[in-house]
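Dropping start.pdb in here (PDB, C-alpha atoms and all ligand atoms):
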ATOM      1  CA  MET A  53      35.043 100.323-161.051
ATOM      2  CA  ASP A  54      31.678 100.784-159.336
ATOM      3  CA  CYS A  55      30.009  98.573-156.719
ATOM      4  CA  ILE A  56      27.586  96.952-159.197
ATOM      5  CA  THR A  57      30.440  95.872-161.490
ATOM      6  CA  PHE A  58      32.447  94.687-158.492
ATOM      7  CA  ILE A  59      29.605  92.478-157.212
ATOM      8  CA  LYS A  60      29.041  91.137-160.734
ATOM      9  CA  ASP A  61      32.769  90.256-161.035
ATOM     10  CA  ILE A  62      33.086  88.428-157.687
ATOM     11  CA  ASP A  63      32.571  84.977-159.265
ATOM     12  CA  ASP A  64      35.192  85.695-161.937
ATOM     13  CA  TYR A  65      37.613  86.782-159.203
ATOM     14  CA  LEU A  66      37.022  83.700-157.076
ATOM     15  CA  ASP A  67      37.337  81.445-160.141
ATOM     16  CA  GLY A  68      40.600  83.179-161.142
ATOM     17  CA  ARG A  69      39.084  84.196-164.489
ATOM     18  CA  MET A  70      40.189  87.882-164.551
ATOM     19  CA  GLU A  71      42.575  89.659-166.883
ATOM     20  CA  ASP A  72      45.344  91.613-165.123
ATOM     21  CA  GLU A  73      43.820  95.038-165.806
ATOM     22  CA  GLU A  74      40.401  93.891-164.590
ATOM     23  CA  LEU A  75      42.004  92.336-161.485
ATOM     24  CA  ASN A  76      43.844  95.599-160.793
ATOM     25  CA  ASP A  77      40.573  97.622-160.980
ATOM     26  CA  PHE A  78      38.869  95.014-158.805
ATOM     27  CA  LEU A  79      41.580  95.162-156.103
ATOM     28  CA  ASN A  80      41.660  98.976-156.211
ATOM     29  CA  HIS A  81      37.905  99.127-155.598
ATOM     30  CA  LEU A  82      38.273  96.546-152.844
ATOM     31  CA  GLU A  83      40.726  98.811-150.982
ATOM     32  CA  THR A  84      38.366 101.798-151.035
ATOM     33  CA  CYS A  85      34.943 100.180-150.517
ATOM     34  CA  LYS A  86      34.200  98.504-147.212
ATOM     35  CA  SER A  87      30.800  97.074-148.225
ATOM     36  CA  CYS A  88      32.216  95.386-151.341
ATOM     37  CA  ALA A  89      35.136  94.025-149.301
ATOM     38  CA  GLU A  90      32.601  92.455-146.909
ATOM     39  CA  GLU A  91      30.578  91.100-149.822
ATOM     40  CA  LEU A  92      33.689  89.484-151.300
ATOM     41  CA  GLU A  93      34.703  87.991-147.960
ATOM     42  CA  ILE A  94      31.222  86.502-147.453
ATOM     43  CA  ASN A  95      31.284  85.004-150.959
ATOM     44  CA  PHE A  96      34.775  83.617-150.391
ATOM     45  CA  ILE A  97      33.844  82.090-147.017
ATOM     46  CA  VAL A  98      30.623  80.518-148.312
ATOM     47  CA  ARG A  99      32.412  79.050-151.315
ATOM     48  CA  GLU A 100      35.423  77.793-149.332
ATOM     49  CA  GLY A 101      33.108  76.531-146.579
ATOM     50  CA  VAL A 102      31.257  74.296-149.032
ATOM     51  CA  ARG A 103      34.561  73.013-150.397
ATOM     52  CA  ILE A 104      35.861  72.264-146.885
ATOM     53  CA  LEU A 105      32.671  70.464-145.851
ATOM     54  CA  ASP A 106      33.294  68.160-148.792
ATOM     55  CA  ARG A 107      36.772  67.420-147.445
ATOM     56  CA  LYS A 108      35.608  67.280-143.789
ATOM     57  CA  ASN A 109      38.583  69.429-142.689
ATOM     58  CA  VAL A 110      37.016  71.384-139.794
ATOM     59  CA  SER A 111      40.229  73.017-138.517
ATOM     60  CA  TYR A 112      40.608  75.154-141.654
ATOM     61  CA  ASP A 113      40.838  78.925-140.951
ATOM     62  CA  LEU A 114      38.606  80.689-143.500
ATOM     63  CA  SER A 115      39.629  84.239-142.563
ATOM     64  CA  SER A 116      43.317  83.416-142.989
ATOM     65  CA  ALA A 117      42.558  81.692-146.282
ATOM     66  CA  PHE A 118      40.748  84.843-147.487
ATOM     67  CA  GLY A 119      43.695  87.039-146.448
ATOM     68  CA  LYS A 120      46.107  84.697-148.228
ATOM     69  CA  ASN A 121      43.971  84.789-151.392
ATOM     70  CA  LEU A 122      43.974  88.622-151.358
ATOM     71  CA  ARG A 123      47.745  88.798-150.782
ATOM     72  CA  GLU A 124      48.437  86.396-153.652
ATOM     73  CA  ASN A 125      46.337  88.446-156.072
ATOM     74  CA  SER A 126      47.851  91.751-154.872
ATOM     75  CA  ASP A 127      51.358  90.302-155.276
ATOM     76  CA  HIS A 128      50.495  89.186-158.795
ATOM     77  CA  ILE A 129      49.366  92.710-159.767
ATOM     78  CA  ARG A 130      52.400  94.316-158.057
ATOM     79  CA  PHE A 131      54.760  91.988-159.955
ATOM     80  CA  ARG A 132      52.892  92.714-163.199
ATOM     81  CA  LYS A 133      53.299  96.509-162.664
ATOM     82  CA  ILE A 134      57.047  96.137-161.979
ATOM     83  CA  TYR A 135      57.388  93.977-165.083
ATOM     84  CA  MET A 136      55.535  96.557-167.233
ATOM     85  CA  ARG A 137      57.722  99.389-165.872
ATOM     86  CA  LEU A 138      60.854  97.338-166.580
ATOM     87  CA  ALA A 139      59.657  96.569-170.114
ATOM     88  CA  TYR A 140      59.020 100.300-170.662
ATOM     89  CA  CYS A 141      62.540 101.176-169.400
ATOM     90  CA  MET A 142      64.147  98.556-171.654
ATOM     91  CA  THR A 143      62.205  99.894-174.662
ATOM     92  CA  SER A 144      63.305 103.461-173.841
ATOM     93  CA  ILE A 145      66.950 102.399-173.483
ATOM     94  CA  ALA A 146      66.781 100.509-176.797
ATOM     95  CA  PHE A 147      65.239 103.546-178.515
ATOM     96  CA  TRP A 148      67.889 105.974-177.237
ATOM     97  CA  ALA A 149      70.709 103.529-178.021
ATOM     98  CA  LEU A 150      69.414 103.217-181.581
ATOM     99  CA  LEU A 151      69.095 106.992-181.928
ATOM    100  CA  ALA A 152      72.631 107.494-180.576
ATOM    101  CA  SER A 153      74.080 104.928-182.989
ATOM    102  CA  VAL A 154      72.287 106.556-185.943
ATOM    103  CA  PHE A 155      73.667 109.938-184.822
ATOM    104  CA  VAL A 156      77.231 108.533-184.526
ATOM    105  CA  TYR A 157      76.883 106.800-187.914
ATOM    106  CA  PHE A 158      75.902 109.995-189.743
ATOM    107  CA  ARG A 159      78.598 111.985-187.938
ATOM    108  CA  GLU A 160      81.243 109.475-189.053
ATOM    109  CA  MET A 161      79.868 109.561-192.612
ATOM    110  CA  SER A 162      80.140 113.362-192.850
ATOM    111  CA  PHE A 163      83.946 113.296-192.344
TER
HETATM  112 ZN    ZN A 201      31.916  98.995-153.693
END

What do you get writing this file as C-alpha cells?
Amino acid sequence: MDCITFIKDIDDYLDGRMEDEELNDFLNHLETCKSCAEELEINFIVREGVRILDRKNVSYDLSSAFGKNLRENSDHIRFRKIYMRLAYCMTSIAFWALLASVFVYFREMSF
C-alpha cells in the first residue's frame, strides 16, 4: 500500500469498514511510514475529540484511546492469520488422511 491509498482509506479504517486483507495492508503500511501514522493519529484525535465534546467528558485520554484502537485492530489481524494457518493445517491433514485411506483401501483390495 502507498501513502495516497493509506490517506484515502483512513475514514474506512476509523469507521471499521475494512476487509481483513485491506486492514492488514493498512496496518503494515502504518508500521513502516511515520508520516501516515501521524496522519492517522491526527484524524483519530480530531474525530474522537468531536465525539467527546458531545459527551462533555474532558478527562478522556485521546492518545491512549488511539493506542487501544491500534492494538484491537492488530489483534484482530493476528487472530485472523492464526485462524487461516490453522484452517490450512486442518485441510492438509484431511487431504493426507484421505490419501492414506485410499492407499490402504487399494492395498487391501489387491490381496
Ligand atoms: Zn505512508

Practice problem: Identify all residues satisfying the PyMOL selection byres (((not hetatm)) within 10 of (chain A and resi 201)) in the given file; provide them as a list in words. | Solution: Met53, Asp54, Cys55, Ile56, Thr57, Phe58, Ile59, Phe78, His81, Leu82, Glu83, Thr84, Cys85, Lys86, Ser87, Cys88, Ala89, Glu90, Glu91 and Leu92 of chain A

Generate a file of the selected residues that holds C-alpha atoms, formatted as a short mmCIF file (atom, residue, chain, number, x, y, z; two decimals), in the coordinates of the input.
data_model
loop_
_atom_site.label_atom_id
_atom_site.label_comp_id
_atom_site.auth_asym_id
_atom_site.auth_seq_id
_atom_site.Cartn_x
_atom_site.Cartn_y
_atom_site.Cartn_z
CA MET A 53 35.04 100.32 -161.05
CA ASP A 54 31.68 100.78 -159.34
CA CYS A 55 30.01 98.57 -156.72
CA ILE A 56 27.59 96.95 -159.20
CA THR A 57 30.44 95.87 -161.49
CA PHE A 58 32.45 94.69 -158.49
CA ILE A 59 29.60 92.48 -157.21
CA PHE A 78 38.87 95.01 -158.80
CA HIS A 81 37.90 99.13 -155.60
CA LEU A 82 38.27 96.55 -152.84
CA GLU A 83 40.73 98.81 -150.98
CA THR A 84 38.37 101.80 -151.04
CA CYS A 85 34.94 100.18 -150.52
CA LYS A 86 34.20 98.50 -147.21
CA SER A 87 30.80 97.07 -148.22
CA CYS A 88 32.22 95.39 -151.34
CA ALA A 89 35.14 94.02 -149.30
CA GLU A 90 32.60 92.46 -146.91
CA GLU A 91 30.58 91.10 -149.82
CA LEU A 92 33.69 89.48 -151.30
#

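Atom to atom, atom CA of Gly101 of chain A and atom CA of Met70 of chain A stand 22.4 Å apart.
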
Quiz item: So how far away is atom CA of Arg132 of chain A from atom CA of Ile97 of chain A, in Å?
Solution: 27.2 Å

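Closest to Asn76 of chain A among A:Asp127, A:Glu100, A:Asp113, A:Asp63 is A:Asp127, based on only C-alpha atoms.
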
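Reported to one decimal place, the separation of atom CA of Tyr157 of chain A from atom CA of Thr143 of chain A is 20.9 Å.
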
Quiz item: Care to translate the PyMOL selection byres (((chain A and resi 125) around 10) and not hetatm) into actual residues of this file, as a VMD selection string?
Solution: chain A and resid 65 68 72 75 to 76 79 120 to 124 126 to 131

Quiz item: Hey, which of A:Ile94, A:Ala146, A:Val102, A:Leu66 ends up closest to Ser115 of chain A? Count all atoms listed in the file.
Solution: A:Ile94

Practice problem: Would you mind telling me which residue in A:Ser153, A:Asn80, A:Leu114, A:Leu138 lies nearest to Glu93 of chain A when using all atoms listed in the file? | Solution: A:Leu114

Output segment 143-155 of chain A as a PDB file, keeping the file's coordinate frame, making sure N, CA and C atoms are there.
ATOM      1  N   THR A 143      62.586  99.356-173.355  1.00  0.00           N
ATOM      2  CA  THR A 143      62.205  99.894-174.662  1.00  0.00           C
ATOM      3  C   THR A 143      62.796 101.284-174.837  1.00  0.00           C
ATOM      4  N   SER A 144      62.747 102.108-173.789  1.00  0.00           N
ATOM      5  CA  SER A 144      63.305 103.461-173.841  1.00  0.00           C
ATOM      6  C   SER A 144      64.806 103.415-174.083  1.00  0.00           C
ATOM      7  N   ILE A 145      65.491 102.530-173.343  1.00  0.00           N
ATOM      8  CA  ILE A 145      66.950 102.399-173.483  1.00  0.00           C
ATOM      9  C   ILE A 145      67.290 101.964-174.913  1.00  0.00           C
ATOM     10  N   ALA A 146      66.532 100.997-175.434  1.00  0.00           N
ATOM     11  CA  ALA A 146      66.781 100.509-176.797  1.00  0.00           C
ATOM     12  C   ALA A 146      66.572 101.641-177.807  1.00  0.00           C
ATOM     13  N   PHE A 147      65.523 102.438-177.601  1.00  0.00           N
ATOM     14  CA  PHE A 147      65.239 103.546-178.515  1.00  0.00           C
ATOM     15  C   PHE A 147      66.385 104.566-178.517  1.00  0.00           C
ATOM     16  N   TRP A 148      66.831 104.969-177.318  1.00  0.00           N
ATOM     17  CA  TRP A 148      67.889 105.974-177.237  1.00  0.00           C
ATOM     18  C   TRP A 148      69.231 105.436-177.738  1.00  0.00           C
ATOM     19  N   ALA A 149      69.482 104.153-177.519  1.00  0.00           N
ATOM     20  CA  ALA A 149      70.709 103.529-178.021  1.00  0.00           C
ATOM     21  C   ALA A 149      70.698 103.529-179.553  1.00  0.00           C
ATOM     22  N   LEU A 150      69.551 103.221-180.114  1.00  0.00           N
ATOM     23  CA  LEU A 150      69.414 103.217-181.581  1.00  0.00           C
ATOM     24  C   LEU A 150      69.611 104.627-182.131  1.00  0.00           C
ATOM     25  N   LEU A 151      68.983 105.591-181.499  1.00  0.00           N
ATOM     26  CA  LEU A 151      69.095 106.992-181.928  1.00  0.00           C
ATOM     27  C   LEU A 151      70.545 107.462-181.850  1.00  0.00           C
ATOM     28  N   ALA A 152      71.229 107.105-180.752  1.00  0.00           N
ATOM     29  CA  ALA A 152      72.631 107.494-180.576  1.00  0.00           C
ATOM     30  C   ALA A 152      73.504 106.864-181.653  1.00  0.00           C
ATOM     31  N   SER A 153      73.252 105.583-181.978  1.00  0.00           N
ATOM     32  CA  SER A 153      74.080 104.928-182.989  1.00  0.00           C
ATOM     33  C   SER A 153      73.817 105.513-184.377  1.00  0.00           C
ATOM     34  N   VAL A 154      72.600 105.905-184.665  1.00  0.00           N
ATOM     35  CA  VAL A 154      72.287 106.556-185.943  1.00  0.00           C
ATOM     36  C   VAL A 154      73.015 107.902-186.003  1.00  0.00           C
ATOM     37  N   PHE A 155      72.989 108.636-184.902  1.00  0.00           N
ATOM     38  CA  PHE A 155      73.667 109.938-184.822  1.00  0.00           C
ATOM     39  C   PHE A 155      75.171 109.779-185.068  1.00  0.00           C
TER      40      PHE A 155
END
